[in-house]
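File shown: entry_13.tsv. Contents: TSV, C-alpha atoms.
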```tsv
chain	number	residue	atom	x	y	z
A	253	MET	CA	-11.91	2.95	-36.59
A	254	LYS	CA	-8.18	3.60	-36.95
A	255	TYR	CA	-5.91	4.40	-34.00
A	256	VAL	CA	-5.98	8.11	-34.80
A	257	ASP	CA	-9.78	8.07	-34.61
A	258	PHE	CA	-9.44	7.56	-30.86
A	259	VAL	CA	-7.76	10.97	-30.46
A	260	ASP	CA	-9.85	14.11	-30.00
A	261	GLN	CA	-8.19	16.87	-28.04
A	262	SER	CA	-11.36	18.96	-28.12
A	263	TYR	CA	-13.21	16.33	-26.05
A	264	GLU	CA	-14.29	17.42	-22.57
A	265	PRO	CA	-14.46	14.46	-20.18
A	266	LYS	CA	-17.76	13.66	-18.51
A	267	ALA	CA	-18.12	13.34	-14.75
A	268	THR	CA	-18.84	9.66	-15.31
A	269	ASP	CA	-15.67	8.97	-17.32
A	270	LEU	CA	-12.76	7.02	-15.90
A	271	ILE	CA	-9.55	8.98	-16.56
A	272	CYS	CA	-6.06	7.54	-16.98
A	273	ASP	CA	-2.73	9.35	-17.29
A	274	PHE	CA	-0.11	7.49	-19.33
A	275	TYR	CA	3.48	8.10	-20.35
A	276	VAL	CA	3.96	6.82	-23.90
A	277	GLU	CA	7.00	6.22	-26.10
A	278	PRO	CA	6.10	4.99	-29.61
A	279	GLU	CA	8.13	2.50	-31.65
A	280	GLY	CA	7.93	3.13	-35.40
A	281	ILE	CA	4.69	5.15	-35.37
A	282	SER	CA	3.78	8.75	-34.51
A	283	LEU	CA	3.01	9.79	-30.95
A	284	THR	CA	-0.58	10.60	-31.93
A	285	GLU	CA	-1.07	7.17	-33.44
A	286	ALA	CA	0.54	5.53	-30.41
A	287	ALA	CA	-1.72	7.45	-28.04
A	288	GLY	CA	-4.73	6.42	-30.06
A	289	GLY	CA	-3.49	2.87	-30.04
A	290	VAL	CA	-3.52	2.80	-26.23
A	291	ALA	CA	-7.09	4.13	-26.19
A	292	ALA	CA	-8.21	1.73	-28.90
A	293	GLU	CA	-6.65	-1.43	-27.53
A	294	SER	CA	-7.89	-0.71	-24.00
A	295	SER	CA	-11.47	-0.11	-25.16
A	296	VAL	CA	-13.26	-1.12	-28.38
A	297	GLY	CA	-10.55	-0.96	-31.07
A	298	THR	CA	-7.79	-3.15	-32.44
A	299	TRP	CA	-4.87	-3.07	-34.90
A	300	THR	CA	-7.09	-3.09	-38.00
A	301	GLU	CA	-10.45	-1.69	-39.03
A	302	LEU	CA	-13.37	-3.97	-38.20
A	303	THR	CA	-16.52	-4.82	-40.09
A	304	THR	CA	-18.26	-5.67	-36.81
A	305	ILE	CA	-18.17	-2.17	-35.31
A	306	LYS	CA	-21.71	-0.81	-34.86
A	307	PRO	CA	-22.67	2.82	-34.23
A	308	TYR	CA	-23.57	2.03	-30.63
A	309	VAL	CA	-20.14	0.44	-30.14
A	310	GLU	CA	-18.38	3.58	-31.39
A	311	LYS	CA	-19.99	5.49	-28.52
A	312	LEU	CA	-18.00	3.33	-26.09
A	313	ALA	CA	-14.62	4.24	-27.56
A	314	ALA	CA	-12.01	5.61	-25.19
A	315	CYS	CA	-10.75	9.06	-26.16
A	316	VAL	CA	-7.30	10.63	-25.91
A	317	PHE	CA	-8.18	14.20	-24.95
A	318	ARG	CA	-4.74	15.53	-23.95
A	319	ILE	CA	-1.29	15.07	-25.43
A	320	ASN	CA	1.51	16.93	-23.68
A	321	GLY	CA	4.88	15.67	-24.86
A	322	ASN	CA	4.91	11.97	-24.08
A	323	ASN	CA	2.19	12.32	-21.46
A	324	ILE	CA	-1.36	11.57	-22.52
A	325	ARG	CA	-4.77	11.52	-20.84
A	326	ILE	CA	-7.49	9.11	-21.85
A	327	ALA	CA	-11.19	9.19	-20.94
A	328	TYR	CA	-13.08	5.90	-20.77
A	329	PRO	CA	-16.90	5.74	-20.78
A	330	ILE	CA	-18.13	4.21	-17.54
A	331	GLU	CA	-20.19	1.70	-19.52
A	332	LEU	CA	-16.97	-0.17	-20.36
A	333	PHE	CA	-16.61	-1.39	-16.78
A	334	GLU	CA	-18.45	-3.69	-14.42
A	335	PRO	CA	-19.06	-1.98	-11.06
A	336	GLY	CA	-17.34	-3.62	-8.11
A	337	ASN	CA	-14.95	-5.56	-10.36
A	338	MET	CA	-11.39	-4.24	-10.05
A	339	PRO	CA	-9.82	-7.06	-12.11
A	340	ASN	CA	-12.11	-6.07	-14.98
A	341	ILE	CA	-11.19	-2.40	-14.69
A	342	LEU	CA	-7.45	-3.05	-14.60
A	343	SER	CA	-7.54	-5.71	-17.31
A	344	SER	CA	-8.90	-2.97	-19.54
A	345	VAL	CA	-6.74	0.05	-18.75
A	346	ALA	CA	-3.62	-1.81	-17.59
A	347	GLY	CA	-3.81	-5.00	-19.62
A	348	ASN	CA	-2.61	-6.01	-23.08
A	349	VAL	CA	-1.64	-2.44	-23.96
A	350	PHE	CA	1.67	-2.94	-22.14
A	351	GLY	CA	2.69	-5.58	-24.65
A	352	LEU	CA	2.00	-3.69	-27.88
A	353	ARG	CA	4.94	-3.89	-30.31
A	354	ALA	CA	4.24	-0.32	-31.44
A	355	LEU	CA	5.03	0.98	-27.95
A	356	LYS	CA	8.62	1.13	-26.74
A	357	ASN	CA	7.45	2.18	-23.26
A	358	LEU	CA	4.12	2.68	-21.53
A	359	ARG	CA	3.48	3.65	-17.92
A	360	LEU	CA	0.17	4.16	-16.15
A	361	ASN	CA	0.92	7.11	-13.87
A	362	ASP	CA	-2.52	7.89	-12.48
A	363	ILE	CA	-6.11	6.71	-12.49
A	364	GLN	CA	-9.30	8.49	-11.49
A	365	LEU	CA	-12.44	6.44	-11.06
A	366	PRO	CA	-15.82	8.19	-11.28
A	367	LYS	CA	-18.08	8.32	-8.25
A	368	GLN	CA	-20.30	5.45	-9.37
A	369	LEU	CA	-17.36	3.07	-9.67
A	370	VAL	CA	-15.64	4.19	-6.47
A	371	GLN	CA	-18.82	3.69	-4.49
A	372	SER	CA	-19.29	0.19	-5.89
A	373	PHE	CA	-16.42	-0.86	-3.59
A	374	LYS	CA	-16.39	-0.82	0.22
A	375	GLY	CA	-13.27	1.29	0.79
A	376	PRO	CA	-11.48	1.31	4.17
A	377	LYS	CA	-13.56	0.15	7.13
A	378	TYR	CA	-11.44	1.92	9.75
A	379	GLY	CA	-8.97	4.27	8.12
A	380	VAL	CA	-6.78	6.67	10.10
A	381	THR	CA	-9.46	7.72	12.59
A	382	GLY	CA	-10.66	4.19	13.30
A	383	ILE	CA	-7.13	2.90	13.85
A	384	ARG	CA	-6.37	5.70	16.31
A	385	GLU	CA	-9.58	4.96	18.21
A	386	LEU	CA	-8.80	1.24	18.39
A	387	LEU	CA	-5.27	1.71	19.70
A	388	GLY	CA	-6.03	4.76	21.84
A	389	VAL	CA	-3.17	6.70	20.23
A	390	LYS	CA	-4.44	10.22	19.67
A	391	ASP	CA	-1.77	12.36	18.08
A	392	ARG	CA	1.62	10.67	17.70
A	393	PRO	CA	2.92	8.35	14.98
A	394	PHE	CA	2.51	4.64	15.62
A	395	VAL	CA	5.72	2.76	16.37
A	396	GLY	CA	5.94	-0.65	14.78
A	397	THR	CA	8.34	-3.44	14.04
A	398	ILE	CA	8.69	-6.46	11.80
A	399	ILE	CA	9.81	-9.72	13.35
A	400	LYS	CA	13.42	-10.32	12.32
A	401	PRO	CA	14.87	-12.52	11.06
A	402	LYS	CA	11.92	-12.54	8.69
A	403	LEU	CA	12.05	-16.33	8.35
A	404	GLY	CA	13.40	-19.16	10.45
A	405	LEU	CA	12.32	-18.38	14.01
A	406	LYS	CA	10.34	-21.08	15.78
A	407	THR	CA	6.95	-20.12	17.15
A	408	LYS	CA	8.02	-19.66	20.77
A	409	ASP	CA	10.93	-17.41	19.81
A	410	HIS	CA	8.79	-15.44	17.35
A	411	ALA	CA	6.27	-14.68	20.10
A	412	LYS	CA	9.05	-13.68	22.51
A	413	VAL	CA	10.49	-11.18	20.00
A	414	ALA	CA	7.00	-9.69	19.61
A	415	TYR	CA	6.62	-9.42	23.39
A	416	ASP	CA	9.98	-7.70	23.76
A	417	ALA	CA	9.06	-5.16	21.09
A	418	TRP	CA	5.72	-4.39	22.73
A	419	ILE	CA	7.26	-4.08	26.18
A	420	GLY	CA	9.81	-1.65	24.78
A	421	GLY	CA	7.10	0.64	23.40
A	422	CYS	CA	6.02	-0.65	20.00
A	423	ASP	CA	2.34	-0.36	19.24
A	424	VAL	CA	2.53	-2.71	16.29
A	425	VAL	CA	4.27	-6.00	15.55
A	426	LYS	CA	3.88	-7.63	12.18
A	427	ASP	CA	5.01	-10.62	10.17
A	428	ASP	CA	7.22	-10.06	7.17
A	429	GLU	CA	5.85	-10.63	3.69
A	430	ASN	CA	7.18	-14.16	3.20
A	431	LEU	CA	6.18	-15.64	6.56
A	432	SER	CA	3.10	-17.78	6.05
A	433	SER	CA	2.60	-21.21	7.60
A	434	GLN	CA	5.97	-22.87	7.21
A	435	ARG	CA	6.73	-26.00	9.20
A	436	PHE	CA	9.05	-24.19	11.60
A	437	ASN	CA	6.35	-21.63	12.49
A	438	PRO	CA	2.79	-22.77	11.63
A	439	PHE	CA	0.15	-20.08	11.22
A	440	ASP	CA	-2.32	-21.23	13.87
A	441	ASP	CA	0.31	-21.87	16.54
A	442	ARG	CA	2.03	-18.56	15.78
A	443	LEU	CA	-1.15	-16.54	16.05
A	444	VAL	CA	-2.21	-18.07	19.35
A	445	ALA	CA	1.24	-17.78	20.94
A	446	THR	CA	1.82	-14.22	19.75
A	447	LEU	CA	-1.61	-13.00	20.85
A	448	GLU	CA	-0.92	-14.47	24.30
A	449	MET	CA	2.21	-12.32	24.40
A	450	ARG	CA	0.19	-9.34	23.19
A	451	ASP	CA	-2.24	-9.74	26.07
A	452	ARG	CA	0.62	-10.02	28.52
A	453	ALA	CA	2.28	-6.91	27.13
A	454	GLU	CA	-0.98	-4.96	27.29
A	455	SER	CA	-1.45	-5.95	30.93
A	456	GLU	CA	2.08	-4.88	31.82
A	457	THR	CA	2.20	-1.60	29.86
A	458	GLY	CA	-1.40	-0.41	30.03
A	459	GLU	CA	-1.27	0.26	26.27
A	460	LYS	CA	-3.16	-1.35	23.40
A	461	LYS	CA	-0.98	-3.55	21.22
A	462	VAL	CA	-1.66	-5.14	17.86
A	463	TYR	CA	-0.26	-8.07	15.91
A	464	MET	CA	-0.49	-8.07	12.12
A	465	VAL	CA	-0.39	-11.72	11.13
A	466	ASN	CA	0.16	-12.46	7.45
A	467	ILE	CA	-2.83	-14.41	6.09
A	468	THR	CA	-1.65	-14.33	2.45
A	469	SER	CA	-2.44	-17.63	0.72
A	470	GLU	CA	-4.97	-19.17	-1.66
A	471	THR	CA	-8.19	-17.21	-1.23
A	472	GLN	CA	-10.25	-19.85	0.57
A	473	GLU	CA	-7.37	-20.44	2.96
A	474	MET	CA	-7.15	-16.69	3.55
A	475	ILE	CA	-10.82	-16.66	4.55
A	476	LYS	CA	-10.20	-19.49	7.04
A	477	ARG	CA	-7.19	-17.72	8.48
A	478	ALA	CA	-9.05	-14.42	8.81
A	479	GLN	CA	-11.84	-16.15	10.70
A	480	PHE	CA	-9.27	-17.82	12.95
A	481	VAL	CA	-7.77	-14.41	13.73
A	482	LYS	CA	-11.18	-13.01	14.59
A	483	ASP	CA	-12.11	-16.02	16.73
A	484	HIS	CA	-8.92	-15.65	18.77
A	485	GLY	CA	-9.25	-11.96	19.49
A	486	GLY	CA	-6.97	-10.55	16.81
A	487	ARG	CA	-7.52	-7.03	15.58
A	488	TYR	CA	-5.54	-6.95	12.34
A	489	LEU	CA	-4.97	-8.87	9.14
A	490	MET	CA	-1.92	-8.45	6.92
A	491	ILE	CA	-2.19	-9.20	3.20
A	492	ASP	CA	0.41	-9.18	0.44
A	493	ILE	CA	-1.99	-7.44	-1.91
A	494	LEU	CA	-0.07	-7.80	-5.17
A	495	THR	CA	1.01	-11.41	-4.92
A	496	CYS	CA	-2.41	-12.63	-3.77
A	497	GLY	CA	-4.21	-10.31	-6.18
A	498	TYR	CA	-6.88	-7.63	-6.02
A	499	SER	CA	-9.67	-10.19	-6.28
A	500	ALA	CA	-8.50	-12.04	-3.16
A	501	LEU	CA	-8.08	-8.71	-1.35
A	502	GLN	CA	-11.61	-7.71	-2.29
A	503	THR	CA	-12.97	-11.06	-1.15
A	504	ILE	CA	-11.49	-10.54	2.32
A	505	ARG	CA	-12.84	-6.98	2.46
A	506	GLU	CA	-16.29	-8.07	1.30
A	507	HIS	CA	-16.45	-10.70	4.06
A	508	ASP	CA	-16.07	-7.83	6.54
A	509	PHE	CA	-14.45	-9.68	9.42
A	510	GLY	CA	-14.36	-6.44	11.39
A	511	LEU	CA	-10.55	-6.50	11.37
A	512	ILE	CA	-8.18	-3.77	10.22
A	513	LEU	CA	-6.53	-4.55	6.86
A	514	HIS	CA	-2.81	-3.90	6.62
A	515	ALA	CA	-1.59	-4.01	3.02
A	516	HIS	CA	1.96	-5.07	2.24
A	517	ARG	CA	3.13	-4.16	-1.27
A	518	ALA	CA	5.59	-7.05	-1.81
A	519	GLY	CA	6.46	-7.22	-5.51
A	520	HIS	CA	5.46	-3.65	-6.32
A	521	ALA	CA	8.86	-2.73	-7.77
A	522	ALA	CA	8.27	-5.14	-10.64
A	523	PHE	CA	5.58	-2.68	-11.76
A	524	THR	CA	6.76	0.64	-10.35
A	525	ASN	CA	10.55	0.88	-10.57
A	526	ASN	CA	10.88	1.83	-14.25
A	527	PRO	CA	9.79	5.49	-14.57
A	528	LYS	CA	8.93	4.94	-18.23
A	529	HIS	CA	7.13	1.60	-18.14
A	530	GLY	CA	4.72	-0.21	-15.86
A	531	VAL	CA	2.30	1.06	-13.24
A	532	SER	CA	3.03	3.72	-10.63
A	533	MET	CA	2.75	3.05	-6.90
A	534	LYS	CA	0.26	5.92	-6.80
A	535	VAL	CA	-2.13	3.85	-8.91
A	536	ILE	CA	-1.62	0.78	-6.70
A	537	ALA	CA	-2.30	2.92	-3.61
A	538	LYS	CA	-5.53	4.32	-5.04
A	539	VAL	CA	-6.78	0.90	-6.11
A	540	ALA	CA	-5.96	-0.65	-2.74
A	541	ARG	CA	-7.74	2.13	-0.87
A	542	ILE	CA	-10.81	1.91	-3.08
A	543	ILE	CA	-11.03	-1.84	-2.50
A	544	GLY	CA	-10.72	-1.29	1.22
A	545	VAL	CA	-7.28	-1.43	2.87
A	546	ASP	CA	-6.88	0.62	6.03
A	547	GLN	CA	-3.12	1.12	5.78
A	548	LEU	CA	-0.43	0.59	3.17
A	549	HIS	CA	3.35	0.73	2.76
A	550	VAL	CA	4.21	3.85	0.75
A	551	GLY	CA	8.01	4.18	0.93
A	552	THR	CA	10.20	6.14	3.29
A	553	VAL	CA	12.06	9.05	1.58
A	554	VAL	CA	14.88	8.09	3.95
A	555	GLY	CA	16.06	4.54	4.59
A	556	LYS	CA	16.87	1.82	2.07
A	557	MET	CA	13.96	2.07	-0.40
A	558	SER	CA	14.47	3.67	-3.80
A	559	GLU	CA	11.48	5.98	-4.25
A	560	THR	CA	11.91	9.72	-4.53
A	561	LYS	CA	10.39	12.29	-2.22
A	562	ASP	CA	7.85	13.25	-4.89
A	563	GLU	CA	6.84	9.64	-5.45
A	564	VAL	CA	6.30	8.97	-1.74
A	565	SER	CA	4.35	12.22	-1.44
A	566	GLU	CA	2.07	11.11	-4.28
A	567	ASN	CA	1.57	7.73	-2.62
A	568	CYS	CA	0.52	9.43	0.61
A	569	GLU	CA	-1.81	11.76	-1.26
A	570	ALA	CA	-3.49	8.76	-2.88
A	571	LEU	CA	-4.32	7.40	0.57
A	572	LYS	CA	-5.62	10.68	1.98
A	573	THR	CA	-7.10	12.81	-0.79
A	574	ASP	CA	-10.87	13.24	-0.93
A	575	MET	CA	-12.40	10.43	-2.94
A	576	TYR	CA	-16.18	10.49	-2.79
A	577	GLY	CA	-16.39	9.89	0.94
A	578	LEU	CA	-13.79	7.13	1.29
A	579	LYS	CA	-12.01	7.11	4.64
A	580	LYS	CA	-8.35	8.11	4.64
A	581	ALA	CA	-5.91	5.21	4.79
A	582	LEU	CA	-2.83	5.28	7.00
A	583	PRO	CA	0.63	5.48	5.37
A	584	VAL	CA	3.25	3.00	6.57
A	585	ALA	CA	6.95	3.83	6.21
A	586	SER	CA	9.28	0.84	6.28
A	587	GLY	CA	12.64	-0.21	4.90
A	588	GLY	CA	15.95	0.52	6.58
A	589	LEU	CA	14.59	2.76	9.34
A	590	TYR	CA	16.24	3.50	12.71
A	591	PRO	CA	15.86	6.17	15.43
A	592	SER	CA	18.13	8.78	13.83
A	593	LEU	CA	15.70	9.00	10.89
A	594	VAL	CA	12.60	9.71	12.98
A	595	PRO	CA	12.78	13.55	12.85
A	596	ALA	CA	13.03	13.50	9.04
A	597	LEU	CA	10.19	10.98	8.80
A	598	MET	CA	7.87	13.02	11.00
A	599	LYS	CA	8.74	16.25	9.22
A	600	PHE	CA	7.79	14.70	5.89
A	601	PHE	CA	4.80	12.52	6.87
A	602	GLY	CA	3.39	14.35	9.85
A	603	ASN	CA	1.95	12.31	12.70
A	604	ASP	CA	-0.47	10.12	10.73
A	605	LEU	CA	2.10	7.44	10.10
A	606	VAL	CA	3.30	4.00	11.12
A	607	ILE	CA	7.08	4.02	11.58
A	608	GLN	CA	7.84	0.38	10.85
A	609	ALA	CA	11.42	-0.59	11.75
A	610	GLY	CA	12.84	-4.11	11.70
A	611	GLY	CA	16.62	-4.13	11.88
A	612	GLY	CA	16.50	-0.64	13.37
A	613	ILE	CA	14.92	-2.15	16.48
A	614	HIS	CA	16.18	-5.74	16.67
A	615	GLY	CA	19.70	-4.69	15.70
A	616	HIS	CA	20.10	-2.52	18.79
A	617	THR	CA	23.23	-3.56	20.67
A	618	ASP	CA	21.27	-4.22	23.87
A	619	GLY	CA	18.46	-6.17	22.23
A	620	THR	CA	14.88	-5.77	21.03
A	621	VAL	CA	13.45	-4.20	24.19
A	622	CYS	CA	16.05	-1.43	24.14
A	623	GLY	CA	15.66	-1.03	20.39
A	624	ALA	CA	11.94	-0.40	20.80
A	625	VAL	CA	12.56	1.95	23.72
A	626	ALA	CA	15.02	3.93	21.61
A	627	MET	CA	12.55	4.26	18.74
A	628	ARG	CA	9.80	5.42	21.06
A	629	GLN	CA	12.22	7.89	22.69
A	630	ALA	CA	13.05	9.30	19.24
A	631	VAL	CA	9.35	9.86	18.59
A	632	ASP	CA	8.80	11.48	22.00
A	633	ALA	CA	11.80	13.79	21.55
A	634	THR	CA	10.62	14.89	18.12
A	635	LEU	CA	7.08	15.50	19.31
A	636	ASN	CA	8.45	17.75	22.05
A	637	GLY	CA	10.78	19.65	19.73
A	638	ILE	CA	13.93	18.32	21.39
A	639	SER	CA	16.88	17.22	19.27
A	640	LEU	CA	17.72	13.53	19.45
A	641	GLN	CA	21.26	14.35	20.56
A	642	GLU	CA	19.99	16.40	23.48
A	643	TYR	CA	17.37	13.82	24.44
A	644	ALA	CA	19.96	11.03	24.27
A	645	LYS	CA	21.98	12.64	27.07
A	646	SER	CA	19.40	11.40	29.56
A	647	HIS	CA	18.09	8.38	27.61
A	648	LYS	CA	20.63	5.58	27.36
A	649	GLU	CA	18.76	3.45	24.80
A	650	LEU	CA	18.53	6.31	22.32
A	651	HIS	CA	22.16	7.23	22.94
A	652	VAL	CA	23.29	3.71	22.03
A	653	ALA	CA	21.13	3.74	18.89
A	654	LEU	CA	22.50	7.09	17.73
A	655	GLU	CA	26.05	5.80	18.18
A	656	LEU	CA	25.26	2.58	16.33
A	657	TRP	CA	23.39	4.08	13.37
A	658	LYS	CA	24.72	7.49	12.44
```
Let me see the file written as structure tokens.
Amino acid sequence: MKYVDFVDQSYEPKATDLICDFYVEPEGISLTEAAGGVAAESSVGTWTELTTIKPYVEKLAACVFRINGNNIRIAYPIELFEPGNMPNILSSVAGNVFGLRALKNLRLNDIQLPKQLVQSFKGPKYGVTGIRELLGVKDRPFVGTIIKPKLGLKTKDHAKVAYDAWIGGCDVVKDDENLSSQRFNPFDDRLVATLEMRDRAESETGEKKVYMVNITSETQEMIKRAQFVKDHGGRYLMIDILTCGYSALQTIREHDFGLILHAHRAGHAAFTNNPKHGVSMKVIAKVARIIGVDQLHVGTVVGKMSETKDEVSENCEALKTDMYGLKKALPVASGGLYPSLVPALMKFFGNDLVIQAGGGIHGHTDGTVCGAVAMRQAVDATLNGISLQEYAKSHKELHVALELWK
């Protein structure tokens, strides 16, 4: 079978097919041949005709069924994939094809798994509804922070920053992506000390508080850390899903520790930033949700991250759209956020959102407590349809924040 034999625009995909949307730019060959090359090399074909192809193998060939400019759609027979094995699925559709010399650029923009494959994974255990029930927050966005500086604080100081944020009104405190178990702040000590501060903050505020400790490590170590979190009354796990890998993520989900899974996307831009090559964040979001994360960073629209409004909207859709009964995952907005941006965030995302601000809380002139108060005040004002400027007249913490970050 030649590359062009993998193209049939009269083909109607089956309900059991896995569908991928690619952007393709050929190098030295026609677009049709390039499209067929992607289908061939990600299924049963290769660069030359084979003597080993049997009739039953031909039935497993992927098929390019749409070519629209440089955008193509490919249908893959479900038999090509092992259920419950995301590395296998992605090694096929997002594997060696990215290195083909005949392709100048290739980007996987979307993926649709059939029902049988989706349901071979656990999906989110809690999702939006379960998280709201756990924290007792019914209808407003969650207010969260990241401990800053992201590295360097000793355990006692780390826990104190968390306490200050909770006292000020944060629901959520989390580690940053590169805090693990360094000598200055060991994992076990940090968890115990920070959960003690969580309990104290809950007692003083009457609100549920959560700490997202980063368990990212070698997989067996992640399992030990997750169990340690559970044994000490934690409610959340944080995982850097791309650097530890989908297999490690799935292992943690399959163990079902009964803890909410917060997914950090550290490293995603290496795949997603080039609009013509790589893998879209939308695909990463879908895959993470199918495996079983409860919430995921999706970008901000405002703030310091580079994604466009359309891209962030697609990321959110991937977490919430109907997908064969999977629970909806909660979008997390983070990256250069501060109180002045809250109205725009809530207008775009709605209320099912974690507003995750680091510098925009700890950089407040009067300290972390006031920074958290100001962020919570911005949310309250927006919920009540009051402009931040008007609300700030009677709320000092917000007033200071608006003057600091305009």
Pull the closest atom pair for each residue of range 335-406 of chain A that gets at most 10 Å from range 462-467 of chain A, along with the distance in Å to one decimal, counting only C-alpha atoms, ordering rows by chain and then ascending residue number, as a Markdown table.
```
| residue | atom | partner | partner_atom | distance |
| --- | --- | --- | --- | --- |
| A:Leu386 | CA | A:Val462 | CA | 9.6 |
| A:Leu387 | CA | A:Val462 | CA | 8.0 |
| A:Gly396 | CA | A:Val462 | CA | 9.3 |
| A:Thr397 | CA | A:Tyr463 | CA | 9.9 |
| A:Ile398 | CA | A:Met464 | CA | 9.3 |
```
* Find the residues with any atom within 9 Å of (-17.0, 9.0, -9.6); use only C-alpha atoms and the coordinates as given in the file, and write the answer as a list in words. =>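 Output: Ala267, Thr268, Asp269, Leu270, Gln364, Leu365, Pro366, Lys367, Gln368, Leu369, Val370, Gln371, Met575 and Tyr576 of chain A.
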May I have the selected residues written with C-alpha atoms, as a PDB file, in the frame of the given file?
```pdb
ATOM      1  CA  ALA A 267     -18.120  13.340 -14.750  1.00  0.00           C
ATOM      2  CA  THR A 268     -18.840   9.660 -15.310  1.00  0.00           C
ATOM      3  CA  ASP A 269     -15.670   8.970 -17.320  1.00  0.00           C
ATOM      4  CA  LEU A 270     -12.760   7.020 -15.900  1.00  0.00           C
ATOM      5  CA  GLN A 364      -9.300   8.490 -11.490  1.00  0.00           C
ATOM      6  CA  LEU A 365     -12.440   6.440 -11.060  1.00  0.00           C
ATOM      7  CA  PRO A 366     -15.820   8.190 -11.280  1.00  0.00           C
ATOM      8  CA  LYS A 367     -18.080   8.320  -8.250  1.00  0.00           C
ATOM      9  CA  GLN A 368     -20.300   5.450  -9.370  1.00  0.00           C
ATOM     10  CA  LEU A 369     -17.360   3.070  -9.670  1.00  0.00           C
ATOM     11  CA  VAL A 370     -15.640   4.190  -6.470  1.00  0.00           C
ATOM     12  CA  GLN A 371     -18.820   3.690  -4.490  1.00  0.00           C
ATOM     13  CA  MET A 575     -12.400  10.430  -2.940  1.00  0.00           C
ATOM     14  CA  TYR A 576     -16.180  10.490  -2.790  1.00  0.00           C
TER      15      TYR A 576
END
```
* Asked: Quick one: of A:Leu443, A:Met253, A:Met338, A:Leu501, who's nearest to Lys306 in chain A, counting all atoms listed in the file?
  -> A:Met253
* **Spatial neighbours of Ala500 in chain A, max dist 9 Å, all atoms listed in the file, sep filter under 6 positions, as a PyMOL selection string** => chain A and resi 470-472+474+493
* May I ask which of the residues A:Ala453, A:Ile383, A:Ile326, A:Ile419 is the closest one to Gln547 in chain A, counting only C-alpha atoms? =>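 Using only C-alpha atoms, the shortest distance to Gln547 in chain A belongs to A:Ile383.
With all atoms listed in the file as the atoms that count, the minimum distance from Gln641 in chain A to the choices A:Lys658, A:Lys599, A:Arg353, A:Lys426 is reached by A:Lys658.
A straight line drawn from CA of Ile475 in chain A to CA of Ala581 in chain A is 22.4 Å long.
Counting all atoms listed in the file and comparing A:Lys412, A:Gly637, A:Gly510, A:Val349, the residue that lies closest to Arg452 in chain A is A:Lys412.
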* Looking at all atoms listed in the file, which of A:Val316, A:Ile305, A:Cys272, A:Val606 is the one that sits closest to Phe258 in chain A? ->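 Using all atoms listed in the file, the shortest distance to Phe258 in chain A belongs to A:Val316.
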* To do: Just the residues within 6 Å of Asn357 in chain A, please, counting only C-alpha atoms, with nothing from its chain fewer than 2 positions along; format it as a ChimeraX atom specification.
  => /A:276-277,355,528-529
Please provide as an mmCIF file with C-alpha atoms, keeping the file's coordinate frame all residues within 9 Å of Gly623 in chain A, with the sequence filter that same-chain residues fewer than 5 positions apart are discarded (counting all atoms listed in the file).
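Output contents, as saved in out-v5.cif:
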```
data_model
loop_
_atom_site.group_PDB
_atom_site.id
_atom_site.type_symbol
_atom_site.label_atom_id
_atom_site.label_comp_id
_atom_site.auth_asym_id
_atom_site.auth_seq_id
_atom_site.Cartn_x
_atom_site.Cartn_y
_atom_site.Cartn_z
ATOM 1 C CA ALA A 417 9.060 -5.160 21.090
ATOM 2 C CA GLY A 420 9.810 -1.650 24.780
ATOM 3 C CA TYR A 590 16.240 3.500 12.710
ATOM 4 C CA PRO A 591 15.860 6.170 15.430
ATOM 5 C CA GLY A 612 16.500 -0.640 13.370
ATOM 6 C CA ILE A 613 14.920 -2.150 16.480
ATOM 7 C CA HIS A 614 16.180 -5.740 16.670
ATOM 8 C CA GLY A 615 19.700 -4.690 15.700
ATOM 9 C CA HIS A 616 20.100 -2.520 18.790
ATOM 10 C CA THR A 617 23.230 -3.560 20.670
ATOM 11 C CA ASP A 618 21.270 -4.220 23.870
ATOM 12 C CA ARG A 628 9.800 5.420 21.060
ATOM 13 C CA GLU A 649 18.760 3.450 24.800
ATOM 14 C CA LEU A 650 18.530 6.310 22.320
ATOM 15 C CA ALA A 653 21.130 3.740 18.890
#
```
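The residue that comes closest to Val444 in chain A, out of A:Leu358, A:Val584, A:Leu589, A:Val481 and on the basis of all atoms listed in the file, is A:Val481.
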* **range 373-379 of chain A surroundings by only C-alpha atoms, 10 Å radius, close-in-sequence under 3 positions cut, as a count of residues only** => 38
* Rounded to one decimal place, report the CA of Ser343 in chain A-CA of Glu293 in chain A distance in Å. =>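 Those two atoms sit 11.1 Å apart.
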